[in-house]
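This report concerns only the one structure given below.
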Amino acid sequence: MNCALVPAEGAACMALDRRSFLMCALASGASLGAGEFAAPAAAAPLTAGAQAQNDAQFTVEAKFYEKLPNRKIKCKLCPRECVVGDKERGYCGVRENHDGVYYTLVHSRVCAAHIDPVEKKPLFHYLPGTNAFSIATAGCNVNCKFCQNWDISQSRPEEVPAQYISPHQAADIARKYGCPTIAFTYSEPVVFAEYLMDTADAAHEAGVRSIVVSNGYMQHDSLEQAYGKMDAVKIDLKAFTESYYAKVVTGQLKPVLDSLVTLRKMGKWLEIVYLVLPTLNDDDAEFRGLAAWIKTNLGPDVPLHFTQFHPEYLLKNLPITPVATLERAKVIADAEGLHFVYIGNVPGHPAQNTYCPQCRKMLVERVGFTASQMLIREDSTCPNCHHSIPGIWHA
Amino acid sequence: MTDLRDRSRRNFLTRCITGAAAIGVASLHAAGETQAPAAKSRVVVARDPLLRTSGSTIDARRLETLLDRTMQSLFNLAATHENSIAAWRRIAGAGDSVSLKVNTLGGRGISTNVDLVAAVCERLQQAGVAARNIIVWDRDTEEMERAGFRIAIAGDRVQCYGTDRVGYEEDLSAWGSVGSRFSKILTRSSTVLINLPVLKDHDGAGVTIALKNMYGTIHNPNKYHPNGCDPYVADLNMLPDIRSRMKLTICDATTAMYEGGPAFKPEHSWKLNGLLVSQDAVALDFTGWQLIERKRAEMGLKTLEAEQRAPRYISTAADSEHGLGHCDPARIAVVEIQGGAS
């Protein structure tokens, strides 16, 4: 396969090779409003008929594992620590043991690629108004019952049409289409850590930054090594109780909280999304505990996004999160002292804008995923009161 | 002329090709409602000490005879050739599309025996099932080839290929802890499902026999290995796409593994030279588990319980919520027979 991009007329949309899986958001500003109602931040996987894929092309020895007797290995990428026998795969479904050597099967195996506004990640304090070349491979190390991209995240790589995009090709595409960042997103970048690391290196060489949208369910060492190469990180903190993580996510809360603290200590730009599911994680006490924990452990300036749930995957029986619930969550988090609490997936809601925490002047106005007004000065201060506004606002 | 074996030597389907043309394509319908297990489940454990001619080579003719005696015993029929076919008519007949889910993860070392599958195909055709309405399948075509199966994808012959050739359904099927997409082979090419697993130790699940072999029918089995596969195995087998079609389990125990599974470890395998057959997959799994425990004891190994990997999913499958079968020995009639060429 090659990776030739064929710009469509007016560069409004692009196709990657002959398959139409690379959607361009450059021209989608007008249509995004409808899109975000339908499937917030959903990826569009390749849906063309299955093609034979050369597995060897995507198979690279994994970085984070240890060898055990009898050709077994223990994966050290995420807290799950899968012990994997010969010819078997870990929970993520994208790493396989061959004769005692553990391999990732998804290096450069891109199953979804788009050019998205960075606000769609969402990262609200990171280069607003710019686009990110956003890529994903198959696989995930958890199994959220509400996953909106389950068709790629909960599949094994051979079940999802994919394209070979090397790290350097990804960097070239980002540059070619004026994206200051590559975003690793849609499925779960933890499971394609090797590709993420190599691509981040290639991107930095090309003057392109890297951001990741992740569940943060990683071991300390892999987090430091892999996300140490990132310029900004958005973590989906799915709830603030272990029971929710066990039942709904099939993971654990504690390692995610540890990751958040580590990332903050590493100095990465960090934002947190909390998807609010009616009846499951929308309790006042949970909102309060979450906000207090963030303020104490990460500081009041880490943006927190309360986002609206839309029924998907295995939780189609739940309703859409009422806007009133999101507003209640915001009121609680504001009262706990967080400075930047947003409401997500509710286009036009005033809590999608950024306000100066000191003088309350609106600094960034957002319509859908578009930053329609950006008043923060080059020195990252409020033009009205000169209060410093945390974030990476200018390239 | 069709042969499942990669190195062709038998012509076991020839006489049925004509029949296939006459019968035509069976209507594909979701089989009828599921049934609660009988008060007592019958599990036939058949063994033939002379099954292997020399070394490890299995005598296909003796294996076929062993299968016949097993099926006759399962339905309490006298040992006649007619009854061999009569037994199969209780499983499937003209108008059915029968899929045979084999297990080929273990390569040539420990996969469902090709000659056993060939014998099943022959008897199904004698019972009236058209050759082209029989499909032998597993997850991956290459794995099947490595296990010795000859791939066949068209024509009036028994079909043989993996789900990778046709893919999985777009829609999810969900029950309890499980949400998965089924192989289109199961959903679109089967009215009757016959499960042909092997008898193996499993490092995570304890054992892998009949119930767990259904992991090979879905797109995301990797998600269901935590907690010793419990309750995932039981939940998966509750899904109507499996439960409504499942009619019979024939466990190939010609070679079995008591330790080190699921990958083939010759040092932990033994030649049991047998078959386990039942219409109650839970009872069969329980019985197979006991055989593995007996061998472990013989080899001086701890029980799976002592190793904290007893297959709890078997009792979950039998609980009141699932009701897939029996794992209480008082409700399992184990019939042991000795087979062999007549």
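Following the order of the structure tokens, first chain is A, next is B, and so on, with residues numbered from 1 inside each chain and ligands from 1 in the order they appear.
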Next item on the list: Please run DSSP on the backbone and report, as a PyMOL selection string, all residues within region 18-239 of chain B that come out as helix (DSSP H, G or I).
Entry: chain B and resi 18-23+60-74+81-89+114-126+131-133+141-146+163-165+184-189+211-217+221-224+226-229+232-238
Store the residues picked out above in a file with C-alpha atoms, as a PDB file, in the first residue's frame.
ATOM      1  CA  THR B  18     -25.384 -36.338  -6.186  1.00  0.00           C
ATOM      2  CA  GLY B  19     -27.559 -36.148  -3.167  1.00  0.00           C
ATOM      3  CA  ALA B  20     -26.452 -32.641  -2.520  1.00  0.00           C
ATOM      4  CA  ALA B  21     -27.613 -31.479  -5.886  1.00  0.00           C
ATOM      5  CA  ALA B  22     -31.009 -33.047  -5.391  1.00  0.00           C
ATOM      6  CA  ILE B  23     -31.600 -31.629  -1.970  1.00  0.00           C
ATOM      7  CA  ALA B  60      -9.122 -43.405  10.695  1.00  0.00           C
ATOM      8  CA  ARG B  61     -11.292 -46.482  10.341  1.00  0.00           C
ATOM      9  CA  ARG B  62     -11.146 -47.308  14.020  1.00  0.00           C
ATOM     10  CA  LEU B  63     -11.886 -43.690  14.810  1.00  0.00           C
ATOM     11  CA  GLU B  64     -14.969 -43.794  12.604  1.00  0.00           C
ATOM     12  CA  THR B  65     -16.113 -46.962  14.339  1.00  0.00           C
ATOM     13  CA  LEU B  66     -15.506 -45.364  17.712  1.00  0.00           C
ATOM     14  CA  LEU B  67     -17.627 -42.414  16.650  1.00  0.00           C
ATOM     15  CA  ASP B  68     -20.442 -44.718  15.553  1.00  0.00           C
ATOM     16  CA  ARG B  69     -20.449 -46.601  18.824  1.00  0.00           C
ATOM     17  CA  THR B  70     -20.394 -43.351  20.725  1.00  0.00           C
ATOM     18  CA  MET B  71     -23.381 -41.946  18.882  1.00  0.00           C
ATOM     19  CA  GLN B  72     -25.314 -45.185  19.265  1.00  0.00           C
ATOM     20  CA  SER B  73     -24.605 -45.131  22.959  1.00  0.00           C
ATOM     21  CA  LEU B  74     -25.550 -41.487  23.314  1.00  0.00           C
ATOM     22  CA  HIS B  81     -24.882 -49.467  10.903  1.00  0.00           C
ATOM     23  CA  GLU B  82     -28.470 -48.294  10.454  1.00  0.00           C
ATOM     24  CA  ASN B  83     -28.489 -46.979  13.986  1.00  0.00           C
ATOM     25  CA  SER B  84     -25.297 -45.051  13.361  1.00  0.00           C
ATOM     26  CA  ILE B  85     -27.203 -43.054  10.799  1.00  0.00           C
ATOM     27  CA  ALA B  86     -30.390 -42.994  12.835  1.00  0.00           C
ATOM     28  CA  ALA B  87     -28.456 -41.346  15.633  1.00  0.00           C
ATOM     29  CA  TRP B  88     -27.317 -38.599  13.310  1.00  0.00           C
ATOM     30  CA  ARG B  89     -30.850 -38.043  12.061  1.00  0.00           C
ATOM     31  CA  VAL B 114      -9.319 -34.166  10.564  1.00  0.00           C
ATOM     32  CA  ASP B 115     -10.373 -37.792  10.236  1.00  0.00           C
ATOM     33  CA  LEU B 116     -12.883 -37.382  13.024  1.00  0.00           C
ATOM     34  CA  VAL B 117     -14.397 -34.376  11.271  1.00  0.00           C
ATOM     35  CA  ALA B 118     -14.443 -36.295   8.005  1.00  0.00           C
ATOM     36  CA  ALA B 119     -16.332 -39.136   9.680  1.00  0.00           C
ATOM     37  CA  VAL B 120     -18.879 -36.693  11.076  1.00  0.00           C
ATOM     38  CA  CYS B 121     -19.343 -35.161   7.620  1.00  0.00           C
ATOM     39  CA  GLU B 122     -19.904 -38.573   6.112  1.00  0.00           C
ATOM     40  CA  ARG B 123     -22.521 -39.559   8.656  1.00  0.00           C
ATOM     41  CA  LEU B 124     -24.297 -36.223   8.323  1.00  0.00           C
ATOM     42  CA  GLN B 125     -24.595 -36.769   4.591  1.00  0.00           C
ATOM     43  CA  GLN B 126     -25.881 -40.262   5.122  1.00  0.00           C
ATOM     44  CA  ALA B 131     -22.507 -31.825   1.376  1.00  0.00           C
ATOM     45  CA  ARG B 132     -22.529 -28.180   0.426  1.00  0.00           C
ATOM     46  CA  ASN B 133     -24.686 -27.455   3.477  1.00  0.00           C
ATOM     47  CA  THR B 141      -8.264 -20.189   7.646  1.00  0.00           C
ATOM     48  CA  GLU B 142      -4.497 -20.355   7.936  1.00  0.00           C
ATOM     49  CA  GLU B 143      -4.756 -21.907  11.370  1.00  0.00           C
ATOM     50  CA  MET B 144      -7.079 -24.527   9.938  1.00  0.00           C
ATOM     51  CA  GLU B 145      -4.590 -25.311   7.202  1.00  0.00           C
ATOM     52  CA  ARG B 146      -1.806 -25.589   9.741  1.00  0.00           C
ATOM     53  CA  THR B 163     -14.319 -16.638   9.660  1.00  0.00           C
ATOM     54  CA  ASP B 164     -11.568 -14.420   8.271  1.00  0.00           C
ATOM     55  CA  ARG B 165     -12.967 -15.235   4.813  1.00  0.00           C
ATOM     56  CA  LYS B 184     -21.222 -14.884   9.748  1.00  0.00           C
ATOM     57  CA  ILE B 185     -20.552 -18.580   9.320  1.00  0.00           C
ATOM     58  CA  LEU B 186     -22.554 -19.217  12.442  1.00  0.00           C
ATOM     59  CA  THR B 187     -25.314 -16.734  11.793  1.00  0.00           C
ATOM     60  CA  ARG B 188     -25.746 -17.159   8.051  1.00  0.00           C
ATOM     61  CA  SER B 189     -24.628 -20.689   7.254  1.00  0.00           C
ATOM     62  CA  LEU B 211     -18.125 -24.172  26.300  1.00  0.00           C
ATOM     63  CA  LYS B 212     -14.950 -22.202  25.838  1.00  0.00           C
ATOM     64  CA  ASN B 213     -14.564 -23.332  22.235  1.00  0.00           C
ATOM     65  CA  MET B 214     -17.341 -20.857  21.484  1.00  0.00           C
ATOM     66  CA  TYR B 215     -14.784 -18.090  21.983  1.00  0.00           C
ATOM     67  CA  GLY B 216     -13.821 -18.931  18.432  1.00  0.00           C
ATOM     68  CA  THR B 217     -17.191 -17.755  17.156  1.00  0.00           C
ATOM     69  CA  PRO B 221     -12.425 -13.290  22.698  1.00  0.00           C
ATOM     70  CA  ASN B 222      -9.429 -11.435  24.150  1.00  0.00           C
ATOM     71  CA  LYS B 223     -11.850  -9.400  26.267  1.00  0.00           C
ATOM     72  CA  TYR B 224     -13.176 -12.428  28.092  1.00  0.00           C
ATOM     73  CA  PRO B 226     -10.062 -12.119  33.044  1.00  0.00           C
ATOM     74  CA  ASN B 227     -11.239 -13.904  36.178  1.00  0.00           C
ATOM     75  CA  GLY B 228     -10.708 -17.335  34.718  1.00  0.00           C
ATOM     76  CA  CYS B 229     -13.183 -16.523  31.924  1.00  0.00           C
ATOM     77  CA  TYR B 232     -17.870 -14.731  30.245  1.00  0.00           C
ATOM     78  CA  VAL B 233     -17.885 -18.311  28.945  1.00  0.00           C
ATOM     79  CA  ALA B 234     -21.304 -18.971  30.424  1.00  0.00           C
ATOM     80  CA  ASP B 235     -22.700 -15.646  29.257  1.00  0.00           C
ATOM     81  CA  LEU B 236     -21.449 -16.183  25.735  1.00  0.00           C
ATOM     82  CA  ASN B 237     -23.103 -19.590  25.520  1.00  0.00           C
ATOM     83  CA  MET B 238     -26.384 -17.965  26.542  1.00  0.00           C
TER      84      MET B 238
END
Taking only C-alpha atoms into account, find every residue of chain B that has an atom no more than 12 Å from chain A, and write it out as a PDB file with C-alpha atoms, in the first residue's frame.
ATOM      1  CA  LEU B 105      -5.371 -23.177  17.786  1.00  0.00           C
ATOM      2  CA  GLY B 106      -2.977 -25.948  18.747  1.00  0.00           C
ATOM      3  CA  GLY B 107      -1.701 -26.677  15.267  1.00  0.00           C
ATOM      4  CA  ARG B 139     -11.624 -18.486  13.402  1.00  0.00           C
ATOM      5  CA  ASP B 140      -8.763 -18.411  10.963  1.00  0.00           C
ATOM      6  CA  GLU B 143      -4.756 -21.907  11.370  1.00  0.00           C
ATOM      7  CA  THR B 163     -14.319 -16.638   9.660  1.00  0.00           C
ATOM      8  CA  ASP B 164     -11.568 -14.420   8.271  1.00  0.00           C
ATOM      9  CA  ARG B 165     -12.967 -15.235   4.813  1.00  0.00           C
ATOM     10  CA  VAL B 166     -16.443 -13.864   5.519  1.00  0.00           C
ATOM     11  CA  GLY B 167     -16.126 -11.673   8.587  1.00  0.00           C
ATOM     12  CA  TYR B 168     -18.314 -10.969  11.563  1.00  0.00           C
ATOM     13  CA  GLU B 169     -21.799  -9.540  11.802  1.00  0.00           C
ATOM     14  CA  GLU B 170     -21.961  -5.775  12.128  1.00  0.00           C
ATOM     15  CA  ASP B 171     -24.421  -5.902  14.980  1.00  0.00           C
ATOM     16  CA  LEU B 172     -23.573  -6.761  18.536  1.00  0.00           C
ATOM     17  CA  SER B 173     -25.160  -9.617  20.410  1.00  0.00           C
ATOM     18  CA  ALA B 174     -25.193  -9.070  24.144  1.00  0.00           C
ATOM     19  CA  TRP B 175     -25.961 -11.122  27.230  1.00  0.00           C
ATOM     20  CA  GLY B 176     -24.740 -10.385  30.728  1.00  0.00           C
ATOM     21  CA  SER B 177     -21.079  -9.487  30.632  1.00  0.00           C
ATOM     22  CA  VAL B 178     -20.689 -10.250  26.953  1.00  0.00           C
ATOM     23  CA  GLY B 179     -21.195  -8.051  23.896  1.00  0.00           C
ATOM     24  CA  SER B 180     -19.795  -9.512  20.710  1.00  0.00           C
ATOM     25  CA  ARG B 181     -20.154  -9.809  16.980  1.00  0.00           C
ATOM     26  CA  SER B 183     -19.030 -15.036  12.819  1.00  0.00           C
ATOM     27  CA  HIS B 202      -5.825 -23.763  30.015  1.00  0.00           C
ATOM     28  CA  ASP B 203      -3.518 -21.552  32.035  1.00  0.00           C
ATOM     29  CA  GLY B 204      -6.200 -18.954  32.662  1.00  0.00           C
ATOM     30  CA  ILE B 218     -16.833 -14.089  18.176  1.00  0.00           C
ATOM     31  CA  HIS B 219     -14.707 -11.128  17.222  1.00  0.00           C
ATOM     32  CA  ASN B 220     -13.368 -10.203  20.662  1.00  0.00           C
ATOM     33  CA  PRO B 221     -12.425 -13.290  22.698  1.00  0.00           C
ATOM     34  CA  ASN B 222      -9.429 -11.435  24.150  1.00  0.00           C
ATOM     35  CA  LYS B 223     -11.850  -9.400  26.267  1.00  0.00           C
ATOM     36  CA  TYR B 224     -13.176 -12.428  28.092  1.00  0.00           C
ATOM     37  CA  HIS B 225     -10.160 -14.006  29.727  1.00  0.00           C
ATOM     38  CA  PRO B 226     -10.062 -12.119  33.044  1.00  0.00           C
ATOM     39  CA  ASN B 227     -11.239 -13.904  36.178  1.00  0.00           C
ATOM     40  CA  CYS B 229     -13.183 -16.523  31.924  1.00  0.00           C
ATOM     41  CA  GLU B 259      -0.959 -28.935  31.829  1.00  0.00           C
ATOM     42  CA  GLY B 260       0.585 -26.032  29.948  1.00  0.00           C
ATOM     43  CA  GLY B 261      -2.342 -25.243  27.665  1.00  0.00           C
ATOM     44  CA  PRO B 262      -3.775 -23.872  25.587  1.00  0.00           C
ATOM     45  CA  ALA B 263      -0.744 -23.890  23.269  1.00  0.00           C
ATOM     46  CA  PHE B 264       0.479 -27.380  22.422  1.00  0.00           C
ATOM     47  CA  LYS B 265       3.118 -28.668  24.803  1.00  0.00           C
ATOM     48  CA  GLU B 267       5.575 -32.800  27.243  1.00  0.00           C
TER      49      GLU B 267
END
Notebook entry, point to check: Could you name the residues that touch Ile58 (chain B) at 12 Å or less, counting only C-alpha atoms, but leaving out those on the same chain fewer than 6 positions away, as number ranges by chain?
Noted result: B: 48-52, 64, 66, 113-116, 253-255, 271-274, 340
Next item on the list: Can you work out the spacing between CA of Trp270 (chain B) and CA of Ala256 (chain B) in Å, to one decimal?
Entry: 5.4 Å
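By chain and then residue number, the residues within 6 Å of Tyr65 (chain A) are Lys74, Cys75 and Lys76 of chain A, counting only C-alpha atoms and disregarding those fewer than 5 positions away in sequence.
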Next item on the list: Would you please work out which residue, of A:Thr59, A:Asn54, A:Asn353, A:Ser166, is nearest to His125 (chain A) when using only C-alpha atoms?
Entry: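 The closest residue to His125 (chain A) is A:Asn353.
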Find the residues near Lys101 (chain B): any atom within 8 Å, counting only C-alpha atoms, skip ones fewer than 5 places away on the same chain, and give them as a tab-separated table (two decimals) with all heavy atoms, in the first residue's frame.
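File selection_5.tsv, as written:
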chain	number	residue	atom	x	y	z
B	136	VAL	N	-17.18	-26.79	7.77
B	136	VAL	CA	-16.21	-27.00	8.84
B	136	VAL	C	-15.48	-25.67	9.02
B	136	VAL	O	-14.99	-25.09	8.04
B	136	VAL	CB	-15.20	-28.10	8.45
B	136	VAL	CG1	-14.17	-28.29	9.56
B	136	VAL	CG2	-15.94	-29.40	8.14
B	137	TRP	N	-15.45	-25.18	10.26
B	137	TRP	CA	-14.90	-23.82	10.40
B	137	TRP	C	-14.26	-23.58	11.76
B	137	TRP	O	-14.49	-24.29	12.72
B	137	TRP	CB	-16.01	-22.78	10.18
B	137	TRP	CG	-17.12	-22.79	11.20
B	137	TRP	CD1	-18.06	-23.76	11.37
B	137	TRP	CD2	-17.39	-21.79	12.18
B	137	TRP	NE1	-18.91	-23.41	12.38
B	137	TRP	CE2	-18.53	-22.20	12.90
B	137	TRP	CE3	-16.80	-20.57	12.51
B	137	TRP	CZ2	-19.08	-21.46	13.94
B	137	TRP	CZ3	-17.36	-19.82	13.54
B	137	TRP	CH2	-18.49	-20.27	14.24
B	138	ASP	N	-13.44	-22.57	11.74
B	138	ASP	CA	-12.85	-22.02	12.96
B	138	ASP	C	-12.60	-20.55	12.68
B	138	ASP	O	-13.08	-20.01	11.68
B	138	ASP	CB	-11.56	-22.78	13.33
B	138	ASP	CG	-11.18	-22.61	14.80
B	138	ASP	OD1	-11.83	-21.81	15.49
B	138	ASP	OD2	-10.23	-23.26	15.24
B	193	LEU	N	-25.58	-26.36	14.93
B	193	LEU	CA	-24.17	-26.21	15.29
B	193	LEU	C	-23.70	-27.46	16.03
B	193	LEU	O	-24.34	-27.89	17.00
B	193	LEU	CB	-24.01	-24.98	16.19
B	193	LEU	CG	-22.64	-24.74	16.82
B	193	LEU	CD1	-21.58	-24.51	15.74
B	193	LEU	CD2	-22.71	-23.52	17.76
B	194	ILE	N	-22.64	-28.04	15.54
B	194	ILE	CA	-21.99	-29.15	16.23
B	194	ILE	C	-20.62	-28.68	16.67
B	194	ILE	O	-19.83	-28.17	15.87
B	194	ILE	CB	-21.88	-30.40	15.33
B	194	ILE	CG1	-23.29	-30.87	14.93
B	194	ILE	CG2	-21.12	-31.52	16.03
B	194	ILE	CD1	-23.30	-32.04	13.95
B	195	ASN	N	-20.37	-28.82	17.94
B	195	ASN	CA	-19.14	-28.34	18.54
B	195	ASN	C	-18.12	-29.47	18.61
B	195	ASN	O	-18.41	-30.53	19.15
B	195	ASN	CB	-19.48	-27.81	19.95
B	195	ASN	CG	-18.35	-27.05	20.60
B	195	ASN	OD1	-17.32	-26.79	19.98
B	195	ASN	ND2	-18.55	-26.66	21.85
B	196	LEU	N	-16.94	-29.24	18.05
B	196	LEU	CA	-15.90	-30.27	18.02
B	196	LEU	C	-14.62	-29.74	18.67
B	196	LEU	O	-13.63	-29.48	17.99
B	196	LEU	CB	-15.63	-30.70	16.58
B	196	LEU	CG	-16.73	-31.55	15.96
B	196	LEU	CD1	-17.08	-31.08	14.56
B	196	LEU	CD2	-16.32	-33.01	15.93
B	197	PRO	N	-14.64	-29.61	19.98
B	197	PRO	CA	-13.46	-29.08	20.66
B	197	PRO	C	-12.43	-30.16	20.93
B	197	PRO	O	-12.63	-31.32	20.58
B	197	PRO	CB	-14.05	-28.57	21.99
B	197	PRO	CG	-15.14	-29.56	22.27
B	197	PRO	CD	-15.72	-29.93	20.92
Next item on the list: Would you return as a PyMOL selection string the members of region 71-234 of chain A that DSSP assigns to strand (DSSP E or B) on this structure's backbone?
Entry: chain A and resi 73-75+83-84+89+95-98+101-104+109-110+112-117+126+131-136+163-164+181-184+209-214+232-234
Margin query: Which residues are close to region 355-367 of chain A, i.e. within 9 Å by only C-alpha atoms, leaving aside same-chain residues fewer than 6 positions away? Reply as a PyMOL selection string.
Written below: chain A and resi 33+119+124+128+339-340+347-349+373-376+381-385+387-389
How about saving the chosen residues, C-alpha atoms kept, as an mmCIF file, in the first residue's frame?
data_model
loop_
_atom_site.group_PDB
_atom_site.id
_atom_site.type_symbol
_atom_site.label_atom_id
_atom_site.label_comp_id
_atom_site.auth_asym_id
_atom_site.auth_seq_id
_atom_site.Cartn_x
_atom_site.Cartn_y
_atom_site.Cartn_z
ATOM 1 C CA GLY A 33 -22.713 21.290 14.535
ATOM 2 C CA GLU A 119 -11.214 21.354 20.225
ATOM 3 C CA PHE A 124 -9.468 23.784 24.946
ATOM 4 C CA PRO A 128 -7.152 26.774 19.888
ATOM 5 C CA HIS A 339 -10.875 27.581 37.492
ATOM 6 C CA PHE A 340 -11.765 26.015 34.141
ATOM 7 C CA PRO A 347 -23.100 22.998 21.225
ATOM 8 C CA GLY A 348 -23.747 26.634 21.980
ATOM 9 C CA HIS A 349 -23.659 26.205 25.740
ATOM 10 C CA GLN A 373 -12.918 34.218 18.958
ATOM 11 C CA MET A 374 -9.568 34.066 20.749
ATOM 12 C CA LEU A 375 -8.556 37.091 22.788
ATOM 13 C CA ILE A 376 -5.757 35.697 24.946
ATOM 14 C CA THR A 381 -2.639 36.792 29.690
ATOM 15 C CA CYS A 382 -6.112 38.220 29.793
ATOM 16 C CA PRO A 383 -6.329 41.387 27.689
ATOM 17 C CA ASN A 384 -8.598 42.929 30.293
ATOM 18 C CA CYS A 385 -6.913 42.292 33.643
ATOM 19 C CA HIS A 387 -4.208 37.671 34.642
ATOM 20 C CA SER A 388 -2.138 34.744 33.432
ATOM 21 C CA ILE A 389 -4.281 32.151 31.674
#
Notebook entry, point to check: Which distance in Å separates CA of Ala333 (chain B) and CA of Val192 (chain B), to one decimal?
Noted result: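 Calculated distance between CA of Ala333 (chain B) and CA of Val192 (chain B) is 24.4 Å.
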Checklist line | Distance of CA of Gln57 (chain A) from CA of Ala132 (chain A), expressed in Å to one decimal place | finding: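 Interatomic distance here is 25.7 Å.
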